[in-house]
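K.L.:
My questions will all concern the structure given below.
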Amino acid sequence: MIGGTVKSSVDRYGPVAQFFHWLVAMLVLAAFIYGPGGPEQRVYASGHEVGRQIHETLGLCVFASTAMRLLWRAVDARPVAPLTSKWMTVAATVVQWALYMLLLALPLTAIAGAWLEGHPLTLVAGIQIGSPVAPSHDVGAAIASVHGWLGDAIMWLAGLHALAGLYHHFVLEDDVLASMLPGWLSVRRSSRLDR
């Protein structure tokens, strides 16, 4: 990268980490919107075919992007966290790792549920990936139900994560939110020191 680095610095995430963060956020939101939801008969109804194809494609993109984000995280430094209370540090760590687990579990439960119910994954353009395992409909339906619950859970947890970023910016007046925003999107905090 000319004139800069792709890695994170002590005070902000680098462009690669930011890219994966916002890409995954947009993919999850889009997958949630396109998810047909409901019982198996509704999900696999012909009227929901296009939405389901988009949902399943986005889900695989979430899985791949999350895996790449975790690989990047393993080699990239992270900005120094602001000094906060112990409970806030623990809560932030728990929420962050819960989000990562959900980002991986959601696509896996969707795949397992579909295959065990006897359905192939059907991606955009009608690409089908058949099941390598024998169907077990009741187990598949149970896993598909878990997938639905996890989908709701990730939206609530992501909302909490976003609110925490806003709390850091407007109440604690630190740079946590700004550290994940692109440099061209200048968000200046109103520090107590500036008053």
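Ligands are numbered from 1 in the order shown, chains are lettered A, B, ... in the order of the structure tokens, and residues start at 1 in each chain.
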I need the helix (DSSP H, G or I) residues of region 6-195 of chain A per DSSP on the backbone, written as a ChimeraX atom specification.

P.N.:
/A:15-34,40-43,46-75,86-117,124-126,137-172,178-180,192-194

K.L.:
Given only C-alpha atoms, how would the per-residue table for region 48-161 of chain A near region 177-187 of chain A read, listing every residue at most 12 Å away with its closest atom pair and distance in Å to one decimal, sorted by chain and number, as a tab-separated table?

P.N.:
```
residue	atom	partner	partner_atom	distance
A:Arg78	CA	A:Ser179	CA	9.9
A:Pro79	CA	A:Ser179	CA	7.7
A:Val80	CA	A:Ser179	CA	10.0
A:Ala81	CA	A:Ser179	CA	10.1
A:Pro82	CA	A:Ser179	CA	11.1
A:His161	CA	A:Leu177	CA	10.5
```

K.L.:
Would you tabulate, counting only C-alpha atoms, all residues of region 97-149 of chain A that have an atom at most 9 Å from an atom of region 53-73 of chain A, showing the closest pair of atoms and their distance in Å to one decimal, sorted by chain then ascending number, as a tab-separated table?

P.N.:
```
residue	atom	partner	partner_atom	distance
A:Tyr100	CA	A:Thr66	CA	7.4
A:Leu103	CA	A:Phe63	CA	6.5
A:Leu104	CA	A:Phe63	CA	5.7
A:Ala105	CA	A:Phe63	CA	8.6
A:Leu106	CA	A:Gly59	CA	7.7
A:Pro107	CA	A:Gly59	CA	5.4
A:Leu108	CA	A:Phe63	CA	8.2
A:Ala110	CA	A:Glu56	CA	8.1
A:Ile111	CA	A:Glu56	CA	8.6
A:Leu121	CA	A:Glu56	CA	7.0
A:Thr122	CA	A:Gln53	CA	5.5
A:Leu123	CA	A:Gln53	CA	4.6
A:Val124	CA	A:Gln53	CA	5.2
A:Ala125	CA	A:Gln53	CA	8.1
A:Gly126	CA	A:Gln53	CA	7.5
A:Ile127	CA	A:Gln53	CA	8.9
```

K.L.:
Could you tell me which of A:Ala158, A:Ala77, A:Ala92, A:Val146 comes closest to Gly14 (chain A) if we count only C-alpha atoms?

P.N.:
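Closest residue, counting only C-alpha atoms: A:Ala77.
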
K.L.:
With only C-alpha atoms as the basis for distance, which of A:Leu23, A:Val95, A:Val16, A:Val6 is at the shortest distance from Leu160 (chain A)?

P.N.:
A:Val95

K.L.:
Write down as an MDAnalysis selection string the residues of region 101-194 of chain A whose backbone DSSP state falls under strand (DSSP E).

P.N.:
chainID A and resid 121:122 128:129

K.L.:
Those same residues - C-alpha atoms - I'd like them written as a short mmCIF file (atom, residue, chain, number, x, y, z; two decimals), in the first residue's frame.

P.N.:
```
data_model
loop_
_atom_site.label_atom_id
_atom_site.label_comp_id
_atom_site.auth_asym_id
_atom_site.auth_seq_id
_atom_site.Cartn_x
_atom_site.Cartn_y
_atom_site.Cartn_z
CA LEU A 121 -27.54 -25.76 -0.60
CA THR A 122 -28.74 -23.68 -3.53
CA GLN A 128 -26.41 -26.67 -5.88
CA ILE A 129 -24.20 -28.37 -3.32
#
```

K.L.:
Would you kindly return, as a list in words, each protein, DNA or RNA residue with an atom no farther than 12 Å from any atom of Thr5 (chain A), considering only C-alpha atoms and excluding same-chain residues fewer than 3 positions away?

P.N.:
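So the residues in contact are Met1, Ile2, Ser8, Ser9, Arg12, Tyr13, Gly14, Pro15, Val16, Ala17 and Asp76 of chain A.
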
K.L.:
Select, from A:Gly140, A:Pro120, A:Gly113, A:Gly51, the residue with the minimum atom-to-atom distance to Phe32 (chain A), counting only C-alpha atoms.

P.N.:
A:Gly51

K.L.:
Point out the residue among A:Ser85, A:Ala25, A:Ala141, A:Pro135 with the least atom-to-atom distance to Gly159 (chain A), counting only C-alpha atoms.

P.N.:
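Closest residue, counting only C-alpha atoms: A:Ala25.
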